[in-house]
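**Student:** So here's query_7.txt (compact mmCIF, C-alpha atoms).
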# COMPACT_ATOMS: atom_id res chain seq x y z
CA MET V 244 0.00 0.00 0.00
CA ASP V 245 1.27 3.46 -0.93
CA SER V 246 -0.35 6.61 0.46
CA ASN V 247 2.12 8.82 -1.42
CA ASN V 248 0.21 8.42 -4.69
CA ILE V 249 -2.89 10.15 -3.31
CA TYR V 250 -4.24 13.68 -3.38
CA ALA V 251 -6.53 14.67 -0.52
CA LEU V 252 -9.17 17.27 -1.40
CA ILE V 253 -10.87 18.88 1.59
CA LEU V 254 -14.07 20.68 0.70
CA GLY V 255 -14.31 24.00 2.52
CA GLY V 256 -18.10 24.02 2.52
CA GLY V 257 -20.73 26.39 1.24
CA ARG V 258 -22.41 29.23 3.09
CA GLY V 259 -22.90 27.13 6.23
CA THR V 260 -26.41 28.47 6.85
CA ARG V 261 -27.26 25.72 9.34
CA LEU V 262 -24.33 26.83 11.54
CA PHE V 263 -25.30 30.50 11.43
CA PRO V 264 -24.40 32.74 13.27
CA LEU V 265 -21.10 30.95 13.86
CA THR V 266 -20.57 31.21 10.10
CA LYS V 267 -21.61 34.85 9.87
CA ASP V 268 -18.00 36.01 9.53
CA ARG V 269 -16.14 32.75 8.84
CA SER V 270 -16.45 29.56 6.82
CA LYS V 271 -17.55 26.31 8.47
CA PRO V 272 -14.07 24.75 8.60
CA ALA V 273 -12.77 27.85 10.41
CA VAL V 274 -15.26 27.50 13.28
CA SER V 275 -13.65 26.92 16.67
CA LEU V 276 -13.44 23.37 18.02
CA ALA V 277 -12.74 22.29 21.62
CA GLY V 278 -11.42 25.67 22.68
CA LYS V 279 -8.15 25.79 20.76
CA TYR V 280 -8.68 24.00 17.43
CA ARG V 281 -10.61 24.72 14.21
CA LEU V 282 -12.82 22.19 12.42
CA ILE V 283 -10.38 22.12 9.47
CA ASP V 284 -7.69 20.72 11.79
CA VAL V 285 -9.51 17.36 11.95
CA PRO V 286 -9.32 16.28 8.27
CA ILE V 287 -5.83 17.77 7.83
CA SER V 288 -4.58 15.92 10.93
CA ASN V 289 -6.17 12.67 9.76
CA CYS V 290 -4.30 13.06 6.47
CA ILE V 291 -0.98 13.78 8.18
CA ASN V 292 -1.41 10.84 10.58
CA SER V 293 -2.21 8.62 7.57
CA LYS V 294 0.99 9.72 5.79
CA ILE V 295 -0.97 11.57 3.10
CA GLY V 296 0.93 14.77 2.47
CA LYS V 297 -0.50 16.20 -0.75
CA ILE V 298 -3.48 18.13 0.58
CA PHE V 299 -5.67 20.69 -1.19
CA VAL V 300 -8.32 22.73 0.64
CA LEU V 301 -11.09 24.10 -1.62
CA THR V 302 -12.58 27.33 -0.27
CA GLN V 303 -15.17 29.90 -1.31
CA PHE V 304 -17.17 31.72 1.39
CA ASN V 305 -15.82 33.91 4.24
CA THR V 306 -12.34 32.48 3.75
CA GLN V 307 -10.02 35.03 5.36
CA SER V 308 -9.70 33.45 8.82
CA LEU V 309 -9.50 29.95 7.34
CA HIS V 310 -6.73 30.92 4.94
CA GLN V 311 -4.84 32.67 7.72
CA HIS V 312 -5.09 29.67 10.03
CA ILE V 313 -3.94 27.16 7.39
CA HIS V 314 -1.07 29.40 6.29
CA LYS V 315 0.23 29.79 9.85
CA ALA V 316 -0.42 26.27 11.13
CA TYR V 317 0.71 23.96 8.32
CA LYS V 318 4.23 24.59 7.10
CA PHE V 319 6.10 21.49 5.98
CA ASP V 320 9.80 20.82 5.58
CA ILE V 321 11.07 22.43 2.35
CA PHE V 322 12.91 19.20 1.56
CA SER V 323 9.70 17.15 1.40
CA ASN V 324 7.00 17.04 -1.26
CA ASN V 325 4.22 17.50 1.29
CA PHE V 326 1.95 20.53 1.29
CA VAL V 327 -1.39 21.96 2.36
CA GLU V 328 -2.44 24.23 -0.50
CA ILE V 329 -5.51 26.44 -0.64
CA LEU V 330 -7.54 26.44 -3.86
CA ALA V 331 -9.87 29.41 -3.57
CA ALA V 332 -12.77 29.91 -5.94
CA GLU V 333 -11.59 32.00 -8.87
CA GLN V 334 -12.82 33.38 -12.14
CA THR V 335 -11.11 31.99 -15.22
CA ASP V 336 -11.61 32.07 -18.98
CA ARG V 337 -13.56 28.82 -18.58
CA THR V 338 -15.83 29.80 -15.66
CA ALA V 339 -16.95 33.13 -14.23
CA ASP V 340 -19.41 32.10 -11.49
CA TRP V 341 -19.17 30.52 -8.03
CA TYR V 342 -18.97 26.80 -7.30
CA GLN V 343 -22.38 25.25 -7.87
CA GLY V 344 -21.79 22.32 -5.51
CA THR V 345 -19.17 19.92 -4.16
CA ALA V 346 -18.62 18.13 -7.47
CA ASP V 347 -18.44 21.40 -9.37
CA ALA V 348 -15.78 22.66 -6.95
CA VAL V 349 -13.60 19.59 -7.58
CA ARG V 350 -14.22 19.69 -11.34
CA ARG V 351 -12.92 23.24 -11.60
CA ASN V 352 -9.72 22.35 -9.77
CA LEU V 353 -8.76 19.10 -11.48
CA TRP V 354 -6.31 21.00 -13.67
CA HIS V 355 -4.21 21.77 -10.57
CA MET V 356 -3.57 18.05 -9.99
CA THR V 357 -0.63 17.52 -12.30
CA ASP V 358 1.48 14.94 -10.47
CA ARG V 359 1.61 11.92 -12.81
CA ASP V 360 2.47 9.59 -9.91
CA VAL V 361 -0.85 10.35 -8.22
CA ASP V 362 -3.60 7.98 -9.31
CA ARG V 363 -6.01 8.23 -6.35
CA VAL V 364 -8.01 11.17 -4.99
CA LEU V 365 -9.48 11.22 -1.48
CA VAL V 366 -12.40 13.65 -1.15
CA LEU V 367 -13.12 14.86 2.41
CA SER V 368 -15.44 17.26 4.21
CA GLY V 369 -14.12 20.15 6.27
CA ASP V 370 -16.79 20.12 9.00
CA GLN V 371 -16.76 16.66 10.58
CA VAL V 372 -15.25 15.39 13.83
CA TYR V 373 -13.69 11.92 13.71
CA ARG V 374 -10.33 10.16 13.78
CA MET V 375 -9.64 7.82 10.84
CA ASP V 376 -6.53 6.18 9.46
CA PHE V 377 -7.14 6.64 5.75
CA ARG V 378 -4.77 3.77 5.01
CA ASP V 379 -7.65 1.49 6.07
CA ILE V 380 -9.95 2.80 3.35
CA ILE V 381 -7.03 2.49 0.90
CA ASN V 382 -6.72 -1.19 1.87
CA THR V 383 -10.43 -1.75 1.33
CA HIS V 384 -10.19 0.02 -2.02
CA ASN V 385 -7.26 -2.14 -3.14
CA ASP V 386 -8.62 -5.44 -1.84
CA SER V 387 -11.97 -5.00 -3.60
CA LYS V 388 -10.38 -3.62 -6.79
CA ALA V 389 -12.77 -0.71 -6.47
CA GLU V 390 -12.89 2.36 -8.66
CA VAL V 391 -14.53 4.35 -5.88
CA THR V 392 -14.83 3.48 -2.20
CA ILE V 393 -17.26 5.26 0.12
CA ALA V 394 -16.71 5.39 3.88
CA ALA V 395 -19.88 4.62 5.81
CA THR V 396 -20.72 5.01 9.48
CA ILE V 397 -22.86 2.35 11.12
CA LYS V 398 -26.24 3.58 12.34
CA ARG V 399 -29.37 2.01 13.74
CA PRO V 400 -32.34 1.85 11.33
CA GLU V 401 -34.27 4.44 13.36
CA GLN V 402 -31.46 6.96 12.67
CA ALA V 403 -31.47 6.42 8.90
CA GLY V 404 -33.82 9.29 8.10
CA ASP V 405 -31.05 11.86 8.61
CA PHE V 406 -28.53 10.27 6.23
CA GLY V 407 -27.86 8.95 2.77
CA ILE V 408 -28.00 5.16 3.14
CA LEU V 409 -25.99 2.69 1.06
CA LYS V 410 -27.39 -0.64 -0.13
CA VAL V 411 -24.77 -3.35 -0.64
CA ASP V 412 -24.64 -6.89 -1.95
CA ARG V 413 -23.00 -9.81 -0.13
CA HIS V 414 -19.57 -8.72 -1.42
CA PHE V 415 -20.17 -5.20 -0.04
CA ARG V 416 -20.35 -3.71 -3.48
CA ILE V 417 -22.71 -0.74 -3.43
CA ILE V 418 -25.79 -1.31 -5.56
CA ASP V 419 -27.97 1.63 -4.50
CA PHE V 420 -27.95 4.91 -2.58
CA VAL V 421 -31.07 6.34 -0.93
CA GLU V 422 -31.04 9.85 0.53
CA LYS V 423 -33.05 10.07 3.79
CA PRO V 424 -35.07 6.90 3.14
CA SER V 425 -38.72 6.54 4.08
CA LYS V 426 -39.86 3.72 6.36
CA ASN V 427 -40.92 1.72 3.33
CA GLU V 428 -37.55 2.22 1.56
CA LEU V 429 -35.67 1.41 4.75
CA LYS V 430 -36.78 -2.21 4.80
CA ASP V 431 -34.56 -3.00 1.83
CA LEU V 432 -31.50 -1.23 3.28
CA ILE V 433 -31.16 -2.98 6.65
CA ILE V 434 -28.38 -5.51 7.10
CA PRO V 435 -27.51 -7.77 10.09
CA GLY V 436 -24.57 -6.36 12.02
CA GLU V 437 -23.01 -9.83 12.07
CA ASP V 438 -22.50 -9.58 8.30
CA LEU V 439 -19.86 -6.90 8.88
CA VAL V 440 -17.54 -9.22 10.80
CA SER V 441 -15.63 -10.10 7.62
CA LEU V 442 -14.73 -6.40 7.30
CA GLY V 443 -13.38 -6.26 10.84
CA VAL V 444 -16.43 -4.47 12.24
CA LYS V 445 -18.35 -5.60 15.32
CA ALA V 446 -22.01 -4.60 15.28
CA GLU V 447 -24.97 -6.24 16.97
CA GLY V 448 -28.48 -6.35 15.62
CA ASN V 449 -29.81 -4.68 12.50
CA VAL V 450 -27.88 -1.70 11.14
CA VAL V 451 -27.67 0.54 8.09
CA LEU V 452 -24.61 1.98 6.34
CA ALA V 453 -24.76 5.79 6.20
CA SER V 454 -22.47 7.64 3.84
CA MET V 455 -19.93 9.86 5.62
CA GLY V 456 -19.22 11.99 2.56
CA ILE V 457 -15.69 10.52 2.38
CA TYR V 458 -14.81 9.14 -1.06
CA LEU V 459 -11.66 7.50 -2.42
CA PHE V 460 -11.60 7.65 -6.23
CA ASN V 461 -9.34 6.25 -8.85
CA LYS V 462 -8.25 9.48 -10.47
CA ALA V 463 -9.33 8.25 -13.91
CA LEU V 464 -12.87 7.57 -12.68
CA LEU V 465 -13.05 10.93 -10.93
CA GLU V 466 -12.13 12.71 -14.14
CA THR V 467 -14.68 10.68 -16.12
CA SER V 468 -17.47 11.17 -13.58
CA LEU V 469 -16.92 14.93 -13.61
CA ASP V 470 -16.83 15.29 -17.39
CA ASN V 471 -20.35 16.75 -17.32
CA GLU V 472 -22.31 19.40 -15.45
CA MET V 473 -23.30 17.41 -12.37
CA ALA V 474 -23.03 19.72 -9.36
CA ASP V 475 -22.98 17.56 -6.23
CA PHE V 476 -21.27 14.35 -5.15
CA GLY V 477 -24.00 12.96 -2.90
CA LYS V 478 -26.93 13.83 -5.14
CA ASN V 479 -25.39 13.31 -8.57
CA VAL V 480 -21.90 11.85 -8.90
CA ILE V 481 -22.10 9.01 -6.39
CA PRO V 482 -25.38 7.58 -7.79
CA TRP V 483 -23.80 7.76 -11.27
CA CYS V 484 -20.69 5.91 -10.04
CA ILE V 485 -22.76 3.20 -8.38
CA LYS V 486 -24.45 2.47 -11.71
CA ASN V 487 -21.40 2.80 -13.94
CA ALA V 488 -18.33 1.78 -11.91
CA ARG V 489 -17.08 -0.58 -9.21
CA ALA V 490 -18.24 1.13 -6.03
CA PHE V 491 -17.58 -0.48 -2.64
CA VAL V 492 -18.19 0.46 0.98
CA HIS V 493 -15.67 0.93 3.78
CA PRO V 494 -17.52 0.59 7.12
CA PHE V 495 -16.27 2.82 9.93
CA HIS V 496 -17.35 2.02 13.48
CA ASP V 497 -15.63 4.69 15.61
CA TYR V 498 -16.91 8.13 16.59
CA TRP V 499 -18.01 10.36 13.72
CA GLU V 500 -20.12 13.50 13.90
CA ASP V 501 -21.17 15.90 11.19
CA VAL V 502 -21.31 19.18 13.13
CA GLY V 503 -23.22 21.01 10.43
CA THR V 504 -25.98 22.29 12.75
CA ILE V 505 -25.91 24.32 15.96
CA ARG V 506 -27.43 21.43 17.94
CA ALA V 507 -24.88 18.91 16.61
CA TYR V 508 -22.02 21.35 17.26
CA PHE V 509 -23.21 22.02 20.82
CA ASN V 510 -23.80 18.34 21.61
CA ALA V 511 -20.35 17.40 20.28
CA HIS V 512 -18.77 19.87 22.67
CA MET V 513 -20.83 18.70 25.63
CA SER V 514 -19.71 15.15 24.83
CA LEU V 515 -16.08 16.30 25.10
CA THR V 516 -16.64 17.25 28.75
CA GLU V 517 -17.65 13.75 29.83
CA GLU V 518 -15.22 11.61 31.82
CA ALA V 519 -15.06 9.08 28.98
CA PRO V 520 -15.80 11.17 25.86
CA ASP V 521 -16.73 9.46 22.61
CA PHE V 522 -14.02 11.51 20.89
CA ASP V 523 -10.80 12.11 22.80
CA PHE V 524 -8.10 14.61 21.85
CA TYR V 525 -5.70 12.80 24.18
CA ASP V 526 -4.14 10.43 21.64
CA SER V 527 -0.36 10.69 21.45
CA LYS V 528 -0.11 8.47 18.37
CA ARG V 529 -2.79 10.26 16.36
CA PRO V 530 -2.84 13.88 17.54
CA ILE V 531 -5.05 16.62 16.18
CA TYR V 532 -2.72 19.37 15.03
CA THR V 533 -3.39 23.09 15.07
CA LEU V 534 -1.62 26.44 15.18
CA PRO V 535 0.91 26.35 18.06
CA LEU V 536 0.28 29.13 20.56
CA PHE V 537 2.62 30.74 23.05
CA LEU V 538 0.22 31.58 25.84
CA PRO V 539 0.57 31.69 29.61
CA ASN V 540 -0.88 28.92 31.73
CA THR V 541 -4.52 29.22 32.73
CA ARG V 542 -5.09 30.76 36.15
CA ILE V 543 -7.99 29.52 38.31
CA SER V 544 -8.54 31.08 41.73
CA SER V 545 -8.67 28.78 44.75
CA SER V 546 -12.35 29.37 45.49
CA SER V 547 -13.50 28.46 41.96
CA LYS V 548 -15.43 25.23 41.38
CA VAL V 549 -14.72 23.47 38.07
CA SER V 550 -16.36 20.17 37.11
CA HIS V 551 -16.27 18.28 33.81
CA CYS V 552 -14.71 21.14 31.86
CA ILE V 553 -12.11 21.68 29.17
CA ILE V 554 -10.05 24.80 29.89
CA SER V 555 -7.75 26.09 27.15
CA GLU V 556 -4.53 28.03 27.55
CA GLY V 557 -4.24 31.64 28.66
CA CYS V 558 -7.52 31.85 30.62
CA ASN V 559 -8.29 33.69 33.85
CA ILE V 560 -11.12 32.29 35.99
CA VAL V 561 -11.84 34.13 39.23
CA ASN V 562 -14.10 32.69 41.95
CA ALA V 563 -16.48 31.17 39.43
CA GLU V 564 -18.46 27.92 39.14
CA LEU V 565 -18.13 25.99 35.88
CA ASP V 566 -19.95 22.75 35.09
CA HIS V 567 -19.72 20.94 31.74
CA CYS V 568 -18.10 23.84 29.89
CA VAL V 569 -15.59 24.17 27.07
CA ILE V 570 -13.56 27.33 27.63
CA GLY V 571 -11.53 28.68 24.71
CA ILE V 572 -8.15 30.38 24.65
CA ARG V 573 -7.62 33.70 26.50
CA SER V 574 -11.06 33.51 28.11
CA SER V 575 -11.88 35.64 31.14
CA VAL V 576 -14.59 34.69 33.65
CA ALA V 577 -15.10 37.12 36.52
CA CYS V 578 -15.96 36.41 40.15
CA GLY V 579 -19.40 35.15 41.09
CA CYS V 580 -20.19 33.72 37.65
CA ILE V 581 -22.04 30.44 37.27
CA LEU V 582 -21.64 28.67 33.90
CA LYS V 583 -23.31 25.37 33.01
CA ASN V 584 -23.33 23.67 29.61
CA VAL V 585 -21.51 26.54 27.93
CA VAL V 586 -19.21 26.65 24.91
CA MET V 587 -17.05 29.78 25.23
CA MET V 588 -14.67 30.38 22.31
CA GLY V 589 -12.43 32.93 24.02
CA GLN V 590 -10.45 35.72 22.41
CA ASP V 591 -8.30 36.11 19.31
CA ASN V 592 -5.78 38.23 21.24
CA TYR V 593 -5.19 40.13 24.44
CA SER V 594 -6.05 43.84 24.31
CA ASP V 595 -3.41 46.32 25.51
CA ASP V 596 -5.95 49.14 25.72
CA GLU V 597 -8.67 47.27 27.59
CA HIS V 598 -8.64 49.79 30.44
CA LEU V 599 -9.39 52.60 27.99
CA ILE V 600 -12.32 50.70 26.53
CA GLN V 601 -13.76 50.05 29.99
CA SER V 602 -13.40 53.74 30.88
CA CYS V 603 -15.95 54.40 28.12
CA GLY V 604 -18.50 52.29 29.98
CA LEU V 605 -18.12 49.09 27.95
CA PRO V 606 -17.79 45.69 29.65
CA ALA V 607 -14.44 43.95 29.59
CA ARG V 608 -13.92 41.13 27.12
CA GLY V 609 -15.15 37.90 28.64
CA ILE V 610 -17.92 37.36 31.19
CA GLY V 611 -18.56 39.97 33.88
CA ARG V 612 -19.20 39.51 37.59
CA ASN V 613 -22.14 37.51 38.94
CA SER V 614 -23.40 36.51 35.50
CA LYS V 615 -25.29 33.24 35.13
CA ILE V 616 -25.21 31.40 31.79
CA GLU V 617 -26.62 28.01 30.86
CA GLY V 618 -26.99 26.23 27.51
CA ALA V 619 -25.20 28.80 25.37
CA ILE V 620 -22.45 29.30 22.82
CA ILE V 621 -20.34 32.43 23.39
CA ASP V 622 -18.42 33.30 20.21
CA LYS V 623 -15.02 35.02 20.19
CA ASP V 624 -14.23 38.48 21.57
CA VAL V 625 -17.63 38.88 23.21
CA ARG V 626 -18.14 41.38 26.05
CA ILE V 627 -20.72 40.26 28.59
CA GLY V 628 -21.39 42.69 31.44
CA ASP V 629 -22.09 42.15 35.13
CA ASN V 630 -25.24 40.41 36.41
CA VAL V 631 -26.22 39.09 32.98
CA VAL V 632 -28.52 36.06 32.81
CA ILE V 633 -28.57 33.80 29.72
CA ASN V 634 -30.63 30.60 29.74
CA ALA V 635 -31.18 27.93 27.10
CA LYS V 636 -34.51 28.19 25.30
CA TYR V 637 -35.08 24.52 24.52
CA ASN V 638 -38.83 24.99 23.95
CA LYS V 639 -38.54 28.21 22.00
CA PRO V 640 -38.40 28.48 18.20
CA ASN V 641 -35.48 30.09 16.40
CA GLU V 642 -35.19 33.77 17.17
CA ASP V 643 -32.97 36.69 16.12
CA GLY V 644 -32.41 39.17 18.94
CA ASP V 645 -30.53 42.45 19.21
CA CYS V 646 -27.41 40.81 20.67
CA TYR V 647 -28.18 37.11 20.42
CA TYR V 648 -29.62 34.35 18.26
CA ILE V 649 -31.51 31.23 19.25
CA ARG V 650 -31.00 28.11 17.14
CA ASP V 651 -32.17 24.62 18.10
CA GLY V 652 -32.89 25.92 21.61
CA ILE V 653 -29.30 27.08 22.06
CA VAL V 654 -28.57 30.76 22.74
CA ILE V 655 -25.67 32.04 20.64
CA ILE V 656 -23.89 35.32 21.38
CA PRO V 657 -22.17 36.26 18.08
CA LYS V 658 -18.58 37.35 17.68
CA ASN V 659 -17.66 40.86 18.94
CA THR V 660 -21.09 41.33 20.55
CA ILE V 661 -21.60 43.53 23.60
CA VAL V 662 -24.16 42.38 26.19
CA PRO V 663 -24.77 45.20 28.68
CA ASP V 664 -24.93 44.88 32.47
CA GLY V 665 -28.06 43.28 33.87
CA ARG V 666 -29.36 41.96 30.55
CA VAL V 667 -31.62 38.88 30.72
CA ILE V 668 -31.79 36.61 27.65
As structure tokens - that is how I would like this structure written.

**Tutor:**
Amino acid sequence: MDSNNIYALILGGGRGTRLFPLTKDRSKPAVSLAGKYRLIDVPISNCINSKIGKIFVLTQFNTQSLHQHIHKAYKFDIFSNNFVEILAAEQTDRTADWYQGTADAVRRNLWHMTDRDVDRVLVLSGDQVYRMDFRDIINTHNDSKAEVTIAATIKRPEQAGDFGILKVDRHFRIIDFVEKPSKNELKDLIIPGEDLVSLGVKAEGNVVLASMGIYLFNKALLETSLDNEMADFGKNVIPWCIKNARAFVHPFHDYWEDVGTIRAYFNAHMSLTEEAPDFDFYDSKRPIYTLPLFLPNTRISSSSKVSHCIISEGCNIVNAELDHCVIGIRSSVACGCILKNVVMMGQDNYSDDEHLIQSCGLPARGIGRNSKIEGAIIDKDVRIGDNVVINAKYNKPNEDGDCYYIRDGIVIIPKNTIVPDGRVI
């Protein structure tokens, strides 16, 4: 097996409307993850840990912070052939409009892939949380003599309605693909978990194979399948490949989460705070890489109470109570605060003129004294005053407020927002 003959293409995502307002000023892959990372760090790290070093990131919307992060974080040895290269949407003599979908984005960038030794292309999403050794899917691809191999997560039949489900024959060749199947369609897609034993997967009871949006193509097939105007992989290209090429499945049974909605993003972070999280960043053999920071240690006063929390570098927590919280870099939580089930992204930098800003009557960056927050996402560089109360609105529909948004019952305070003293949300 050779992972040096592979290009990895990471799709930077579209407008990310389901993650709004976190995507108001940034693309989905640039959204903060676990306090100190970005979502883009996951697929790039999986590639690096799998010895895949020819990585392209395709971007289009709100790209500045994503480009900056990739440029600073991923610099390889000049004596190697490895790279992480950004392919931003561009006007050319051939095309003058934006990407029309995932397949269209790849089609327009095939001409950049000029290495004759590369004969495989791995297509990845930039907004998923998982840890995968891509050499496993390469092995499946080689063993089955596939032209395209699709990674699939194992789900229970009752979960199938949220995914695109793959139907396979007894050799695990894909013979059909059904997007969000109905109960009637589902009957023909269920397989006994015991049938996956031959692929090294342990699953009990009836299961379905849900596409993860991870595709390994023979480069020749990818070029052929995109020699048309089909816009999207899941809706167009993959069904075409199933009918016209050797398409096989690679079952994946570890943690995988598509954090494309506010609820999924919030739940993934709450899961990280558990004593035995489903996804663990503490893996010395397969680390998740990111931009190295040179920040002071976090300072927590002796009278603070912290339980089931992730606290990033450079924070200052004074006489506060934190329960099931993810606290991002450079965060400040003042005395008397009570935080429960909170994702706080922190600050992009420390401010040297903070005292001047406060002299104008504005709250300091971070969370002010005696504030109580539960079930919320606090974006970067937010200023929350003293005695503020923010509570989750689980039974309330989506709402756009003057300094907040509610999505999926979660209160989101957008980046750079000011919440004045005494405000109740």

**Student:** Counting only C-alpha atoms, which residues of range 577-648 of chain V fall within 12 Å of range 270-281 of chain V, and what is the closest atom pair for each with its distance in Å at one decimal, ordered by chain and rising number, as JSON lines?

**Tutor:**
{"residue": "V:Val585", "atom": "CA", "partner": "V:Gly278", "partner_atom": "CA", "distance": 11.4}
{"residue": "V:Val586", "atom": "CA", "partner": "V:Gly278", "partner_atom": "CA", "distance": 8.2}
{"residue": "V:Met587", "atom": "CA", "partner": "V:Gly278", "partner_atom": "CA", "distance": 7.4}
{"residue": "V:Met588", "atom": "CA", "partner": "V:Gly278", "partner_atom": "CA", "distance": 5.7}
{"residue": "V:Gly589", "atom": "CA", "partner": "V:Gly278", "partner_atom": "CA", "distance": 7.5}
{"residue": "V:Gln590", "atom": "CA", "partner": "V:Gly278", "partner_atom": "CA", "distance": 10.1}
{"residue": "V:Asp591", "atom": "CA", "partner": "V:Lys279", "partner_atom": "CA", "distance": 10.4}
{"residue": "V:Ile620", "atom": "CA", "partner": "V:Ser275", "partner_atom": "CA", "distance": 11.0}
{"residue": "V:Ile621", "atom": "CA", "partner": "V:Ser275", "partner_atom": "CA", "distance": 11.0}
{"residue": "V:Asp622", "atom": "CA", "partner": "V:Ser275", "partner_atom": "CA", "distance": 8.7}
{"residue": "V:Lys623", "atom": "CA", "partner": "V:Ser275", "partner_atom": "CA", "distance": 8.9}

**Student:** Can you work out the spacing between CA of Ser545 in chain V and CA of Met513 in chain V in Å, to one decimal?

**Tutor:** 24.8 Å

**Student:** When distances are computed from all atoms listed in the file, which of V:Asp645, V:Asp419, V:Asp376, V:Asp320 shows the smallest separation from Asn487 in chain V?

**Tutor:**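 Of V:Asp645, V:Asp419, V:Asp376, V:Asp320, the one nearest Asn487 in chain V is V:Asp419, counting all atoms listed in the file.
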
**Student:** Between V:Arg489, V:His314, V:Lys430, V:His414, which one has atoms that come closest to Glu390 in chain V, using all atoms listed in the file?

**Tutor:**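 Selected residue with least distance to Glu390 in chain V: V:Arg489.
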
**Student:** Could you check which of V:Arg374, V:Ser575, V:Ser323, V:Lys583 is closest to Asp521 in chain V, using only C-alpha atoms?

**Tutor:** V:Arg374

**Student:** Please provide the set of residues having any atom within 12 Å of Ile381 in chain V, restricted to all atoms listed in the file, with same-chain residues fewer than 6 positions apart removed, written as a list in words.

**Tutor:** Met244, Asp245, Ser246, Asn247, Asn248, Ile249, Ser293, Lys294, Ile295, Arg363, Val364, Leu365, Met375, Ser387, Lys388, Ala389, Glu390, Val391, Thr392, Ile393, Ala394, Ile457, Tyr458, Leu459, Phe460, Asn461, Phe491, Val492 and His493 of chain V

**Student:** Create the file for the chosen residues now, containing C-alpha atoms and written as a PDB file, keeping the file's coordinate frame.

**Tutor:**
ATOM      1  CA  MET V 244       0.000   0.000   0.000  1.00  0.00           C
ATOM      2  CA  ASP V 245       1.270   3.460  -0.930  1.00  0.00           C
ATOM      3  CA  SER V 246      -0.350   6.610   0.460  1.00  0.00           C
ATOM      4  CA  ASN V 247       2.120   8.820  -1.420  1.00  0.00           C
ATOM      5  CA  ASN V 248       0.210   8.420  -4.690  1.00  0.00           C
ATOM      6  CA  ILE V 249      -2.890  10.150  -3.310  1.00  0.00           C
ATOM      7  CA  SER V 293      -2.210   8.620   7.570  1.00  0.00           C
ATOM      8  CA  LYS V 294       0.990   9.720   5.790  1.00  0.00           C
ATOM      9  CA  ILE V 295      -0.970  11.570   3.100  1.00  0.00           C
ATOM     10  CA  ARG V 363      -6.010   8.230  -6.350  1.00  0.00           C
ATOM     11  CA  VAL V 364      -8.010  11.170  -4.990  1.00  0.00           C
ATOM     12  CA  LEU V 365      -9.480  11.220  -1.480  1.00  0.00           C
ATOM     13  CA  MET V 375      -9.640   7.820  10.840  1.00  0.00           C
ATOM     14  CA  SER V 387     -11.970  -5.000  -3.600  1.00  0.00           C
ATOM     15  CA  LYS V 388     -10.380  -3.620  -6.790  1.00  0.00           C
ATOM     16  CA  ALA V 389     -12.770  -0.710  -6.470  1.00  0.00           C
ATOM     17  CA  GLU V 390     -12.890   2.360  -8.660  1.00  0.00           C
ATOM     18  CA  VAL V 391     -14.530   4.350  -5.880  1.00  0.00           C
ATOM     19  CA  THR V 392     -14.830   3.480  -2.200  1.00  0.00           C
ATOM     20  CA  ILE V 393     -17.260   5.260   0.120  1.00  0.00           C
ATOM     21  CA  ALA V 394     -16.710   5.390   3.880  1.00  0.00           C
ATOM     22  CA  ILE V 457     -15.690  10.520   2.380  1.00  0.00           C
ATOM     23  CA  TYR V 458     -14.810   9.140  -1.060  1.00  0.00           C
ATOM     24  CA  LEU V 459     -11.660   7.500  -2.420  1.00  0.00           C
ATOM     25  CA  PHE V 460     -11.600   7.650  -6.230  1.00  0.00           C
ATOM     26  CA  ASN V 461      -9.340   6.250  -8.850  1.00  0.00           C
ATOM     27  CA  PHE V 491     -17.580  -0.480  -2.640  1.00  0.00           C
ATOM     28  CA  VAL V 492     -18.190   0.460   0.980  1.00  0.00           C
ATOM     29  CA  HIS V 493     -15.670   0.930   3.780  1.00  0.00           C
TER      30      HIS V 493
END

**Student:** Point out the residue among V:Leu330, V:Val576, V:Leu465, V:Ile554 with the least atom-to-atom distance to Ile253 in chain V, counting all atoms listed in the file.

**Tutor:**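 The answer is V:Leu330, which sits nearest to Ile253 in chain V.
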
**Student:** Out of V:Val451, V:Leu353, V:Cys552, V:Ile329, which residue has the shortest atom-to-atom distance to Thr467 in chain V when counting all atoms listed in the file?

**Tutor:**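 Comparing V:Val451, V:Leu353, V:Cys552, V:Ile329 against Thr467 in chain V, the winner is V:Leu353.
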
**Student:** Could you state the separation of CA of Phe326 in chain V and CA of Leu464 in chain V in Å, given to one decimal place?

**Tutor:**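 Going from CA of Phe326 in chain V over to CA of Leu464 in chain V covers 24.1 Å.
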
**Student:** What is the CA of His551 in chain V to CA of Asp566 in chain V distance in Å?

**Tutor:**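 Atom-to-atom, CA of His551 in chain V to CA of Asp566 in chain V, that is 5.9 Å.
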
**Student:** Which polymer residues, whether protein, DNA or RNA, lie within 9 Å of the coordinate (-8.0, 35.1, 28.9) when you count only C-alpha atoms? List them as a PyMOL selection string, using the chain letters and numbers from the file.

**Tutor:** chain V and resi 541-542+556-560+571-576+589-590+592-593+608-609

**Student:** So, counting all atoms listed in the file, which residue among V:Thr383, V:Thr660, V:Thr266, V:Tyr532 is closest to His312 in chain V?

**Tutor:** V:Tyr532

**Student:** Counting all atoms listed in the file, which residues of range 349-386 of chain V fall within 12 Å of range 289-292 of chain V, and what is the closest atom pair for each with its distance in Å at one decimal, ordered by chain and rising number, as CSV?

**Tutor:**
residue,atom,partner,partner_atom,distance
V:Leu365,CA,V:Cys290,CA,9.7
V:Val366,CA,V:Cys290,CA,11.1
V:Leu367,CA,V:Cys290,CA,9.9
V:Ser368,CA,V:Asn289,CA,11.7
V:Gly369,CA,V:Asn289,CA,11.5
V:Gln371,CA,V:Asn289,CA,11.3
V:Val372,CA,V:Asn289,CA,10.3
V:Tyr373,CA,V:Asn289,CA,8.5
V:Arg374,CA,V:Asn289,CA,6.3
V:Met375,CA,V:Asn289,CA,6.1
V:Asp376,CA,V:Asn289,CA,6.5
V:Phe377,CA,V:Cys290,CA,7.1
V:Arg378,CA,V:Cys290,CA,9.4
V:Asp379,CA,V:Asn289,CA,11.9
